[in-house]
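Peer 1: Attaching a single structure in structure tokens format; questions to follow.
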There are 6 protein chains.
Amino acid sequence: MTADPVTSLIDAALAEDIGPGDITTDLLIPAVETGVGTIFAKEELVVAGLDVARRVFARLDSRVRFDPARADGDAVAAGTSVAVLRGPLRALLTGERTALNFLQRLSGIATRTRAYVSALGDRRTVLVDTRKTTPGWRYLEKYAVRVGGAKNHRMGLFDGVLIKDNHIAVSGGIQAAVQRARSGASHLLRIEVEVESLPEVDEALAAGADVIMLDNMDLPTIRAAVARIAGRATVEVSGGVTEEGLTALADAGVDLISSGALTHSARSVDLSMRITHDSDP
Amino acid sequence: MTADPVTSLIDAALAEDIGPGDITTDLLIPAVETGVGTIFAKEELVVAGLDVARRVFARLDSRVRFDPARADGDAVAAGTSVAVLRGPLRALLTGERTALNFLQRLSGIATRTRAYVSALGDRRTVLVDTRKTTPGWRYLEKYAVRVGGAKNHRMGLFDGVLIKDNHIAVSGGIQAAVQRARSGASHLLRIEVEVESLPEVDEALAAGADVIMLDNMDLPTIRAAVARIAGRATVEVSGGVTEEGLTALADAGVDLISSGALTHSARSVDLSMRITHDSDP
Amino acid sequence: MTADPVTSLIDAALAEDIGPGDITTDLLIPAVETGVGTIFAKEELVVAGLDVARRVFARLDSRVRFDPARADGDAVAAGTSVAVLRGPLRALLTGERTALNFLQRLSGIATRTRAYVSALGDRRTVLVDTRKTTPGWRYLEKYAVRVGGAKNHRMGLFDGVLIKDNHIAVSGGIQAAVQRARSGASHLLRIEVEVESLPEVDEALAAGADVIMLDNMDLPTIRAAVARIAGRATVEVSGGVTEEGLTALADAGVDLISSGALTHSARSVDLSMRITHDSDP
Amino acid sequence: MTADPVTSLIDAALAEDIGPGDITTDLLIPAVETGVGTIFAKEELVVAGLDVARRVFARLDSRVRFDPARADGDAVAAGTSVAVLRGPLRALLTGERTALNFLQRLSGIATRTRAYVSALGDRRTVLVDTRKTTPGWRYLEKYAVRVGGAKNHRMGLFDGVLIKDNHIAVSGGIQAAVQRARSGASHLLRIEVEVESLPEVDEALAAGADVIMLDNMDLPTIRAAVARIAGRATVEVSGGVTEEGLTALADAGVDLISSGALTHSARSVDLSMRITHDSDP
Amino acid sequence: MTADPVTSLIDAALAEDIGPGDITTDLLIPAVETGVGTIFAKEELVVAGLDVARRVFARLDSRVRFDPARADGDAVAAGTSVAVLRGPLRALLTGERTALNFLQRLSGIATRTRAYVSALGDRRTVLVDTRKTTPGWRYLEKYAVRVGGAKNHRMGLFDGVLIKDNHIAVSGGIQAAVQRARSGASHLLRIEVEVESLPEVDEALAAGADVIMLDNMDLPTIRAAVARIAGRATVEVSGGVTEEGLTALADAGVDLISSGALTHSARSVDLSMRITHDSDP
Amino acid sequence: MTADPVTSLIDAALAEDIGPGDITTDLLIPAVETGVGTIFAKEELVVAGLDVARRVFARLDSRVRFDPARADGDAVAAGTSVAVLRGPLRALLTGERTALNFLQRLSGIATRTRAYVSALGDRRTVLVDTRKTTPGWRYLEKYAVRVGGAKNHRMGLFDGVLIKDNHIAVSGGIQAAVQRARSGASHLLRIEVEVESLPEVDEALAAGADVIMLDNMDLPTIRAAVARIAGRATVEVSGGVTEEGLTALADAGVDLISSGALTHSARSVDLSMRITHDSDP
């Protein structure tokens, strides 16, 4: 993995928060003082982002030692300590909010994803994310989805062919679009088509789509589509997916369920940091 | 305003989504074709981020013309068109998701903020945000909060002195901390202290704090604190703020209510984009 | 397409050549003087990179007008003018070498690729490139390959699964590798395996590889492999590909021939620029 | 030396190849596994770029240990191991192609340069490169030329005055150009003029050029020019230089021979990397 | 503190000085040779910038060991050694000028500031700087001012409200301006107004300004203003401040004196570096 | 010229001053209001940097129109208007200080340089600058020196060979150093040696130095050195150069006088900006 986008995001986050300096900390705490910080969960959650938190502090001061007490993917109870930090007090205080801001969002996504995955139980249907991620956070949020137990859809527009409604509308229909994509795309890529009705399912099948995405269909239509496709293409459903509706979708026989809410609407979970002076008991 | 962090975020967002190219669009749509795109609300919401959306497309292709149909801050009903775009179809298709990802998050924050502000009615208490923003998004999310009708707390660690619990714990108490801050900080800055009990309120007052933040107190304690402070300092409450609890807090006489949930847990609202070919009716 | 890596490369190229200033030009030519430049081929070649050349001059001075006389992909004879530039003489002189350096390399690749593609005639076998590109030039060189008439293999390590000899050596064999890749990779990706012998072909088939790359095999073995695969997987050959050997490989029935020499060893073709003063006849 | 342009090029190379991740390697190889890689020559060549290769892997993972078995400038036979690497298997696999792409190009230039230099034997004529380098690679390619045994001409437009044909055409002739350059240029720079005929040689001499470049002249004209100059200026020949023609040029008495082909048309030489698991024998 | 702007400035400084290489040093000194460098004062001065000097060399070669012999803020006599460096000779020679350029400017500012502060003796009036700093050097120059013993005014336009003459001229007068600033600015900021006459002092007081800056007033007017303000606002004087005039201003009763000359017109002080070979006695 | 380092410096200057926003201006001035700004000299000075000032405002808002009333190099009296700006009031107010900070420093250097050059009258001795420039400002300060009428020494370590005392000390003496430099340096570069005594002058001559720098010598020694050199090398004097001492140095027969004080200790000159509302008379 290349860490550059994440490093850039960490740097941007520190820059926007600290700017030319953390006035309060710099005035109150002598540079030589050291201390201990403990990051702990304030509610039940699935941890994600510990390494990002570590890098936030490392960026501020390479002397900060960051010891994870739990690992990404662990489900922990309220009150659980997830990491202990030791080092210059200034770095602990200055990095606290940024590190927590990363952790609370990524753990929020992992927590929600885990709930969805648990709802599916051992069904063979796979839960995947979408491109509805927070701009600048694609890599991290897709990571949190994996930590939560789901799989990723394509990372972006560059590593998968997905012919959507707007593409079809402006390129002369499903048949033409699939054909053009097939002849131009790399031999390592499969072709997915988004459809909105059963006739479009038939068109996509006839065009030779490898994957068919059923967009915003009701359950009976989804069941009909699955029957019609009959294994000749992979079937994905998308749109209006709720935690409660997951099992019905899976039981309708689809291969993949994609949910944008995993990333764009997971609420942050609550974590906090307690800092004490080294000379304290 | 310097646009640099926002420009960087837009560039990062496009880079992570497009990478070396939008395979689907580039294969299906000839470079010369043009079209029209309409961005519309799929639910009731307060619009925020139209200019960011405009810049997303401008970054892709300077020929895209972006005409806002509504302005940031407008409350619109489901189905309302908020902007119309004209230009190369490739740019419209390739920028669609990134632009919507910005809009849905910023409008989500503005929508939630507006609801909170409305709840306060014409009370004199001011609603403010916190530093619990999405890393990389500080500037934009604070903007969305203003669009929603609330005010901003400090932008970061550099433009305000706020002595928090961890600072007090490691710097020898409220009295010492306020004194050190006062003698070192610029004469243009006021000093705020976070307190967790009534005795701490007294300490902060004695130390000469300009602003006192009551952290996670229950209503009776807040009322007692306000009475004790009696106008000698500005009073802010923070922690556990809900939409329902706002009026009670305001009626307790506090000057400011700060809420992290405005930014870290507002769910995205739903917007979509419909694209048609120029030759279409 | 996002232009960023190309813009960065252009900027790096100008910076390394111009540094703090083009001493000769700045001393000899007053800033106000304008002129005309003509870029022309000094040998028979296929043009590629005209837009990069345009951007080189645009970066130096937005007043330079760049009129292509030919288009990328055109095969031209020695002496043919491919572009005419008008604008400040300083920009024409300062940008000349960098623009030509881009053109001569990209046209070199397109010219060589065109020769290979012509050799294949109307056979159905597809010529593709590899990842053996000049570091920093991946996007541009793959573009030049397309201009020459061939197709691209994956852009990089992120948009295709290709299990190579070193992967197999350290991950427990073909069967295990394919299985792990299949279960983890996005549903939009196919799985390719590099094999070096007929038994490995069998293993790859048994493992369910979508594409099988025959690496450095002689013709009889390739023919045997194609027979054994019998359409159950796409077949790519790689290694030791020469212009003369192309038709034999194609006639052996393979689907794809990949050649690293298209990008790493195409010699530059010769282009030059003639500059005259505006007041000249 | 400032490493920045090289660091940028390495980063760009890794970014364009890896993007958001090396799918194959990340799926097949657990992060904790380590191994050994050996880079070896697959043909006779002069090694150049070992430190760049080292930095490619260092950028991916600081735990990779890179032990050169040979040094830049060594001429090695096919099969010779030039470096041994130890570290995380993922970094070895992910960095392999980029490192080899650097090595094969730089060693190709060094190999070709060495052949040219050898052809000159112990003649006093000096072989130099030109500005016809791969954009973005100026520093590295000029380094490879030195490794091969030749010298560098100026690095760019900023560290030497070279009045070329186009300059002369638009600045009123050789006499005026040299005079203007002399009075404006730093006292640490000498003035070189490119000439295309014997009368121009005379003009350049009369104007007081320090160095005269004979551009694309045939041997008899070169000999006449050398005779006419008679030591009053340094003599460089340029254009149409081939390995076979080098000795005749040198024997004509010129001081410097410059060749663009050293950098723009040296073919890549073949190097490979073999990777084994630590637990392998 | 985030070091990024300083790191960028160091990088820019090294890049502009070294470009593609320190020709002299690289030709004369083998890469393996090491030596000792001593930085010493050539006149009486207050040291500032030692850590920047250290970082200049660290950036060139991480093996350079930099031992400060004095600390920032120390007043030293001519001839005093302020730092000793050990490491590769190339890095010592190549970094010398850039490191000294930083030191001579920052120490110049600290030296001048110290003189001003000493002139004020133990008066309670505080000396502060302004925004008249060298572009790109805001952070460093404000640091040098603190090293010299003065305090900083706001860092920039983002961490303080200062309503200046041009603001007043275009926003409808002092009263309107203060009111608008008060209602929009963060509750952590005080409001300062620049005034040029006694009637404007009255207006500012009436408008409720927290701080009043007396701009370019003569001493009697300043005394009258102080009397009129009578402690109801903090009083700053600015404009035409000289070392000789400081005590009179202070004795006039102002709280703050700001001086742009501290940063924009402090002359560089003289420091030098002596380098010897490790094998020398 | 490549503008990148200057663009970077402008961006850094705006970023450090504006950060996340110009609070005062944004609160007081509606975005739609426009106005006129006039930049004028507050003392007699030579103007330098008008284009940098223009670019500062262009960076903030492309709608600002900047009309220079004078040109770089003009000597103007106090009160002279040097540029008039029209555009959004916010951009005028926010960019004012940064633009003036650039102008006051560059004009200060040009003003001092002009005084030195005038002192030399029509003597043939050339005044040059040094590398003692403000880090980050090399290009701009060398430009201001040219505006003032002097010439530039080398730009940096990359475009000239200058063997200084520390080089000599660690490389085995003048003879060895010159020889090594001569054989390795580009044929376009001359070799300069810094000497501190007459015997060293002899050594430098014997070694074949092209230029000899007499460092910190008194006048009689300089005269002796010039006599001894007798035209066999260019002669530069450096060290302790004052405006008063210039003519004596020139009359001693040296070719070049270099002065670091031109750039490192020129005081800023005073310029100001007056802004009025468009609706004002």
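Naming scheme: A, B, ... for chains in displayed order of the structure tokens; residues 1 onward per chain; ligands 1 onward as shown.
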So which residues touch Arg65 of chain F within 10 Å, counting only C-alpha atoms, skipping near sequence neighbours fewer than 3 positions away, as a PyMOL selection string?
Peer 2: chain F and resi 36+54+57-58+61-62+68+84-88
Peer 1: Using only C-alpha atoms, find each residue of chain E with at least one atom at most 6 Å away from an atom of chain B; report its shortest atom-to-atom pair and that distance in Å (one decimal), sort the rows by chain and rising residue number, and return the result as JSON lines.
Peer 2:
{"residue": "E:His153", "atom": "CA", "partner": "B:Ser186", "partner_atom": "CA", "distance": 5.9}
{"residue": "E:Asp159", "atom": "CA", "partner": "B:Asp159", "partner_atom": "CA", "distance": 4.6}
{"residue": "E:Gly160", "atom": "CA", "partner": "B:Leu188", "partner_atom": "CA", "distance": 5.6}
{"residue": "E:Ser186", "atom": "CA", "partner": "B:His153", "partner_atom": "CA", "distance": 5.9}
{"residue": "E:Leu188", "atom": "CA", "partner": "B:Arg190", "partner_atom": "CA", "distance": 4.9}
{"residue": "E:Leu189", "atom": "CA", "partner": "B:Leu189", "partner_atom": "CA", "distance": 4.8}
{"residue": "E:Arg190", "atom": "CA", "partner": "B:Leu188", "partner_atom": "CA", "distance": 4.9}
Peer 1: Keeping N, CA, C and O atoms for every residue in the selection just given, could you write it to a file as a PDB file, in the first residue's frame?
Peer 2:
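Printed below is result-v8.pdb as written:
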ATOM      1  N   HIS E 153       2.350  40.358  18.451  1.00  0.00           N
ATOM      2  CA  HIS E 153       0.993  40.772  18.137  1.00  0.00           C
ATOM      3  C   HIS E 153       0.343  39.547  17.485  1.00  0.00           C
ATOM      4  O   HIS E 153       0.912  38.450  17.507  1.00  0.00           O
ATOM      5  N   ASP E 159      -6.186  35.343  13.492  1.00  0.00           N
ATOM      6  CA  ASP E 159      -6.229  35.116  14.935  1.00  0.00           C
ATOM      7  C   ASP E 159      -6.352  36.420  15.722  1.00  0.00           C
ATOM      8  O   ASP E 159      -5.880  36.507  16.862  1.00  0.00           O
ATOM      9  N   GLY E 160      -7.011  37.382  15.109  1.00  0.00           N
ATOM     10  CA  GLY E 160      -7.227  38.637  15.823  1.00  0.00           C
ATOM     11  C   GLY E 160      -8.051  39.551  14.936  1.00  0.00           C
ATOM     12  O   GLY E 160      -7.966  39.470  13.715  1.00  0.00           O
ATOM     13  N   SER E 186     -15.663  35.241  16.800  1.00  0.00           N
ATOM     14  CA  SER E 186     -15.688  34.220  17.848  1.00  0.00           C
ATOM     15  C   SER E 186     -15.665  34.888  19.222  1.00  0.00           C
ATOM     16  O   SER E 186     -15.067  35.944  19.408  1.00  0.00           O
ATOM     17  N   LEU E 188     -13.973  34.177  21.539  1.00  0.00           N
ATOM     18  CA  LEU E 188     -12.629  34.133  22.128  1.00  0.00           C
ATOM     19  C   LEU E 188     -11.748  35.288  21.664  1.00  0.00           C
ATOM     20  O   LEU E 188     -10.588  35.371  22.043  1.00  0.00           O
ATOM     21  N   LEU E 189     -12.287  36.150  20.825  1.00  0.00           N
ATOM     22  CA  LEU E 189     -11.468  37.237  20.263  1.00  0.00           C
ATOM     23  C   LEU E 189     -11.890  38.599  20.801  1.00  0.00           C
ATOM     24  O   LEU E 189     -13.080  38.874  20.957  1.00  0.00           O
ATOM     25  N   ARG E 190     -10.904  39.453  21.041  1.00  0.00           N
ATOM     26  CA  ARG E 190     -11.179  40.842  21.412  1.00  0.00           C
ATOM     27  C   ARG E 190     -11.106  41.697  20.132  1.00  0.00           C
ATOM     28  O   ARG E 190     -10.556  41.275  19.129  1.00  0.00           O
TER      29      ARG E 190
END
Peer 1: As number ranges by chain, list the residues of segment 40-188 of chain F assigned to alpha helix (DSSP H) by DSSP on the backbone atoms of this structure.
Peer 2: F: 50-60, 89-120, 138-148, 165-170, 174-184
Peer 1: Counting only C-alpha atoms, what is within 8 Å of segment 261-276 of chain E, bar same-chain residues fewer than 6 positions away, as a PyMOL selection string?
Peer 2: (chain E and resi 35-43+45+92-93+96+100+103-109+112-113+129+132-134+141+145) or (chain F and resi 105+166+169-170+264-268)
Peer 1: Could you turn the residues from that selection into a file that holds N, CA, C and O atoms, as a compact mmCIF listing (two decimals), in the first residue's frame?
Peer 2:
# COMPACT_ATOMS: atom_id res chain seq x y z
N GLY E 35 34.57 16.00 8.48
CA GLY E 35 35.26 17.14 9.05
C GLY E 35 34.47 17.77 10.18
O GLY E 35 33.46 17.24 10.64
N VAL E 36 34.98 18.91 10.62
CA VAL E 36 34.39 19.63 11.73
C VAL E 36 34.13 21.07 11.30
O VAL E 36 34.99 21.69 10.66
N GLY E 37 32.99 21.58 11.63
CA GLY E 37 32.68 22.98 11.34
C GLY E 37 32.32 23.71 12.62
O GLY E 37 31.68 23.14 13.51
N THR E 38 32.77 24.96 12.72
CA THR E 38 32.42 25.76 13.89
C THR E 38 31.75 27.04 13.43
O THR E 38 32.32 27.78 12.62
N ILE E 39 30.56 27.29 13.93
CA ILE E 39 29.87 28.54 13.63
C ILE E 39 30.14 29.50 14.76
O ILE E 39 29.95 29.16 15.94
N PHE E 40 30.62 30.69 14.41
CA PHE E 40 30.95 31.65 15.48
C PHE E 40 30.47 33.05 15.11
O PHE E 40 30.30 33.39 13.94
N ALA E 41 30.27 33.84 16.14
CA ALA E 41 29.82 35.23 15.96
C ALA E 41 31.00 36.08 15.57
O ALA E 41 32.10 35.93 16.11
N LYS E 42 30.80 36.99 14.62
CA LYS E 42 31.88 37.92 14.25
C LYS E 42 31.61 39.31 14.82
O LYS E 42 32.36 40.25 14.53
N GLU E 43 30.54 39.44 15.60
CA GLU E 43 30.26 40.69 16.29
C GLU E 43 29.40 40.33 17.50
O GLU E 43 28.94 39.19 17.62
N LEU E 45 26.22 39.86 19.51
CA LEU E 45 24.85 39.61 19.01
C LEU E 45 24.06 38.72 19.96
O LEU E 45 24.62 38.09 20.85
N LEU E 92 28.76 19.82 5.13
CA LEU E 92 29.17 21.03 5.86
C LEU E 92 29.38 22.18 4.87
O LEU E 92 28.93 23.31 5.10
N LEU E 93 30.08 21.90 3.78
CA LEU E 93 30.40 22.96 2.82
C LEU E 93 29.16 23.42 2.05
O LEU E 93 28.96 24.61 1.79
N GLU E 96 26.68 25.40 4.45
CA GLU E 96 27.22 26.55 5.19
C GLU E 96 26.47 27.86 4.94
O GLU E 96 25.98 28.51 5.85
N LEU E 100 24.00 29.92 7.51
CA LEU E 100 24.40 31.25 7.98
C LEU E 100 23.37 32.31 7.57
O LEU E 100 23.10 33.24 8.33
N LEU E 103 20.71 32.17 10.15
CA LEU E 103 21.20 32.63 11.46
C LEU E 103 21.42 34.13 11.50
O LEU E 103 21.12 34.81 12.48
N GLN E 104 22.00 34.67 10.44
CA GLN E 104 22.36 36.08 10.46
C GLN E 104 21.11 36.97 10.48
O GLN E 104 21.11 38.03 11.10
N ARG E 105 20.05 36.51 9.82
CA ARG E 105 18.83 37.30 9.80
C ARG E 105 18.07 37.18 11.12
O ARG E 105 17.63 38.18 11.69
N LEU E 106 17.90 35.94 11.60
CA LEU E 106 17.14 35.75 12.84
C LEU E 106 17.87 36.35 14.03
O LEU E 106 17.27 36.98 14.90
N SER E 107 19.20 36.18 14.06
CA SER E 107 19.96 36.78 15.16
C SER E 107 19.93 38.30 15.06
O SER E 107 19.93 39.01 16.08
N GLY E 108 19.88 38.81 13.85
CA GLY E 108 19.78 40.27 13.67
C GLY E 108 18.49 40.80 14.29
O GLY E 108 18.50 41.83 14.98
N ILE E 109 17.41 40.08 14.07
CA ILE E 109 16.13 40.51 14.64
C ILE E 109 16.14 40.39 16.16
O ILE E 109 15.69 41.29 16.88
N ARG E 112 18.30 43.23 17.67
CA ARG E 112 17.65 44.53 17.68
C ARG E 112 16.50 44.57 18.70
O ARG E 112 16.32 45.54 19.43
N THR E 113 15.74 43.47 18.76
CA THR E 113 14.64 43.41 19.72
C THR E 113 15.15 43.53 21.15
O THR E 113 14.59 44.25 21.97
N ASP E 129 5.57 42.98 18.03
CA ASP E 129 5.92 43.11 16.62
C ASP E 129 4.66 43.44 15.80
O ASP E 129 3.62 43.77 16.36
N LYS E 132 4.51 43.28 9.53
CA LYS E 132 5.49 43.71 8.53
C LYS E 132 6.71 42.80 8.57
O LYS E 132 7.83 43.22 8.89
N THR E 133 6.48 41.53 8.24
CA THR E 133 7.56 40.55 8.26
C THR E 133 7.94 40.19 6.82
O THR E 133 7.21 40.51 5.88
N THR E 134 9.04 39.53 6.67
CA THR E 134 9.47 39.08 5.34
C THR E 134 8.54 37.96 4.87
O THR E 134 8.42 36.95 5.56
N GLU E 141 10.34 34.86 12.03
CA GLU E 141 10.66 36.20 12.52
C GLU E 141 9.93 36.51 13.82
O GLU E 141 10.47 37.16 14.71
N VAL E 145 11.62 37.49 17.46
CA VAL E 145 11.17 38.59 18.31
C VAL E 145 10.99 38.10 19.75
O VAL E 145 11.41 38.77 20.70
N ARG F 105 10.58 45.42 0.64
CA ARG F 105 11.88 44.76 0.73
C ARG F 105 12.63 44.84 -0.61
O ARG F 105 13.81 45.19 -0.66
N ASN F 166 37.26 27.66 2.87
CA ASN F 166 37.01 26.35 3.47
C ASN F 166 37.28 25.21 2.48
O ASN F 166 37.74 24.14 2.88
N ALA F 169 41.00 24.80 2.43
CA ALA F 169 41.51 24.21 3.67
C ALA F 169 41.38 22.70 3.70
O ALA F 169 42.21 22.00 4.29
N VAL F 170 40.35 22.18 3.08
CA VAL F 170 40.11 20.74 3.21
C VAL F 170 40.41 19.95 1.94
O VAL F 170 40.15 18.74 1.88
N HIS F 264 21.49 41.42 2.19
CA HIS F 264 21.16 40.96 3.54
C HIS F 264 20.91 42.10 4.52
O HIS F 264 20.36 41.87 5.59
N SER F 265 21.28 43.31 4.16
CA SER F 265 21.09 44.37 5.15
C SER F 265 20.48 45.65 4.60
O SER F 265 20.52 46.68 5.27
N ALA F 266 19.92 45.58 3.40
CA ALA F 266 19.20 46.75 2.93
C ALA F 266 17.95 46.91 3.79
O ALA F 266 17.19 45.96 3.96
N ARG F 267 17.71 48.10 4.32
CA ARG F 267 16.49 48.27 5.11
C ARG F 267 15.30 48.39 4.15
O ARG F 267 15.44 48.81 3.00
N SER F 268 14.14 48.00 4.62
CA SER F 268 12.92 48.15 3.82
C SER F 268 12.62 49.63 3.62
O SER F 268 12.85 50.44 4.53
Peer 1: Residues near Val32 of chain D, anyone? I mean within 12 Å using only C-alpha atoms, not counting same-chain ones fewer than 6 positions away, as a list in words.
Peer 2: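 Near Val32 of chain D, the qualifying residues are Asp26, Arg63, Gly87, Pro88, Leu89, Arg90, Ala91, His277 and Asp278 of chain D.
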Peer 1: Let me see the file: selected residues, all heavy atoms, as a CSV table (one decimal), in the first residue's frame.
Peer 2:
chain,number,residue,atom,x,y,z
D,26,ASP,N,-1.2,-7.9,-1.9
D,26,ASP,CA,-1.9,-7.8,-0.6
D,26,ASP,C,-2.8,-8.9,-0.3
D,26,ASP,O,-3.0,-9.3,0.8
D,26,ASP,CB,-2.6,-6.4,-0.6
D,26,ASP,CG,-1.6,-5.2,-0.5
D,26,ASP,OD1,-0.4,-5.5,-0.4
D,26,ASP,OD2,-2.1,-4.1,-0.7
D,63,ARG,N,12.1,-1.2,6.5
D,63,ARG,CA,12.8,-2.4,7.0
D,63,ARG,C,13.5,-3.2,6.0
D,63,ARG,O,14.2,-4.2,6.3
D,63,ARG,CB,11.7,-3.3,7.7
D,63,ARG,CG,11.1,-2.7,9.0
D,63,ARG,CD,9.9,-3.4,9.5
D,63,ARG,NE,8.8,-3.3,8.4
D,63,ARG,CZ,7.7,-4.0,8.5
D,63,ARG,NH1,7.4,-4.7,9.6
D,63,ARG,NH2,6.8,-3.9,7.6
D,87,GLY,N,13.8,-8.5,3.5
D,87,GLY,CA,12.7,-7.7,4.2
D,87,GLY,C,11.4,-8.3,4.0
D,87,GLY,O,11.2,-9.4,3.5
D,88,PRO,N,10.3,-7.5,4.3
D,88,PRO,CA,9.0,-7.9,4.1
D,88,PRO,C,8.7,-8.3,2.7
D,88,PRO,O,9.0,-7.6,1.7
D,88,PRO,CB,8.1,-6.7,4.5
D,88,PRO,CG,9.0,-5.9,5.4
D,88,PRO,CD,10.4,-6.2,4.9
D,89,LEU,N,8.1,-9.5,2.5
D,89,LEU,CA,7.9,-9.9,1.1
D,89,LEU,C,7.0,-9.0,0.3
D,89,LEU,O,7.2,-8.8,-0.9
D,89,LEU,CB,7.2,-11.3,1.2
D,89,LEU,CG,8.1,-12.5,1.2
D,89,LEU,CD1,7.3,-13.8,1.4
D,89,LEU,CD2,8.9,-12.6,-0.1
D,90,ARG,N,6.0,-8.4,1.0
D,90,ARG,CA,5.1,-7.4,0.3
D,90,ARG,C,5.9,-6.3,-0.4
D,90,ARG,O,5.7,-6.0,-1.5
D,90,ARG,CB,4.1,-6.8,1.2
D,90,ARG,CG,3.0,-7.8,1.5
D,90,ARG,CD,1.9,-7.0,2.2
D,90,ARG,NE,0.7,-7.8,2.5
D,90,ARG,CZ,-0.4,-7.4,3.1
D,90,ARG,NH1,-0.4,-6.2,3.6
D,90,ARG,NH2,-1.4,-8.2,3.3
D,91,ALA,N,6.9,-5.7,0.4
D,91,ALA,CA,7.6,-4.6,-0.2
D,91,ALA,C,8.5,-5.1,-1.4
D,91,ALA,O,8.7,-4.4,-2.4
D,91,ALA,CB,8.5,-4.0,0.9
D,277,HIS,N,11.0,-17.1,-0.3
D,277,HIS,CA,10.5,-17.0,1.1
D,277,HIS,C,11.6,-17.3,2.0
D,277,HIS,O,12.5,-18.0,1.7
D,277,HIS,CB,9.4,-18.1,1.2
D,277,HIS,CG,8.4,-17.8,2.3
D,277,HIS,ND1,8.7,-17.9,3.6
D,277,HIS,CD2,7.1,-17.3,2.2
D,277,HIS,CE1,7.6,-17.5,4.3
D,277,HIS,NE2,6.6,-17.1,3.5
D,278,ASP,N,11.6,-16.6,3.2
D,278,ASP,CA,12.6,-16.8,4.2
D,278,ASP,C,12.8,-18.2,4.6
D,278,ASP,O,13.9,-18.7,4.9
D,278,ASP,CB,12.3,-15.9,5.4
D,278,ASP,CG,13.2,-14.7,5.4
D,278,ASP,OD1,14.0,-14.6,4.5
D,278,ASP,OD2,13.1,-13.9,6.3
Peer 1: Compile the contact shell of segment 70-72 of chain D as a PyMOL selection string: residues with an atom at most 7 Å away, counting only C-alpha atoms, same-chain residues fewer than 5 positions apart removed.
Peer 2: chain D and resi 47-50+82-83+147
Peer 1: Please indicate the distance in Å from atom CA of Ile10 of chain B to atom CA of Asp11 of chain E, rounded to one decimal place.
Peer 2: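 Pair atom CA of Ile10 of chain B / atom CA of Asp11 of chain E returns 25.9 Å.
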Peer 1: If I take atom CA of Trp137 of chain C and atom CA of Ala77 of chain D, how far is one from the other in Å, to one decimal?
Peer 2: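 Going from atom CA of Trp137 of chain C over to atom CA of Ala77 of chain D covers 29.4 Å.
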Peer 1: Give me the residues near Ala230 of chain A as a list in words, where near means some atom within 12 Å (using only C-alpha atoms) and where sequence neighbours in that chain fewer than 2 positions away do not count.
Peer 2: Val201, Asp202, Leu205, Ile212, Arg223, Ala224, Ala225, Val226, Ala227, Arg228, Arg232, Ala233, Thr234, Val235, Gly253, Val254 and Asp255 of chain A
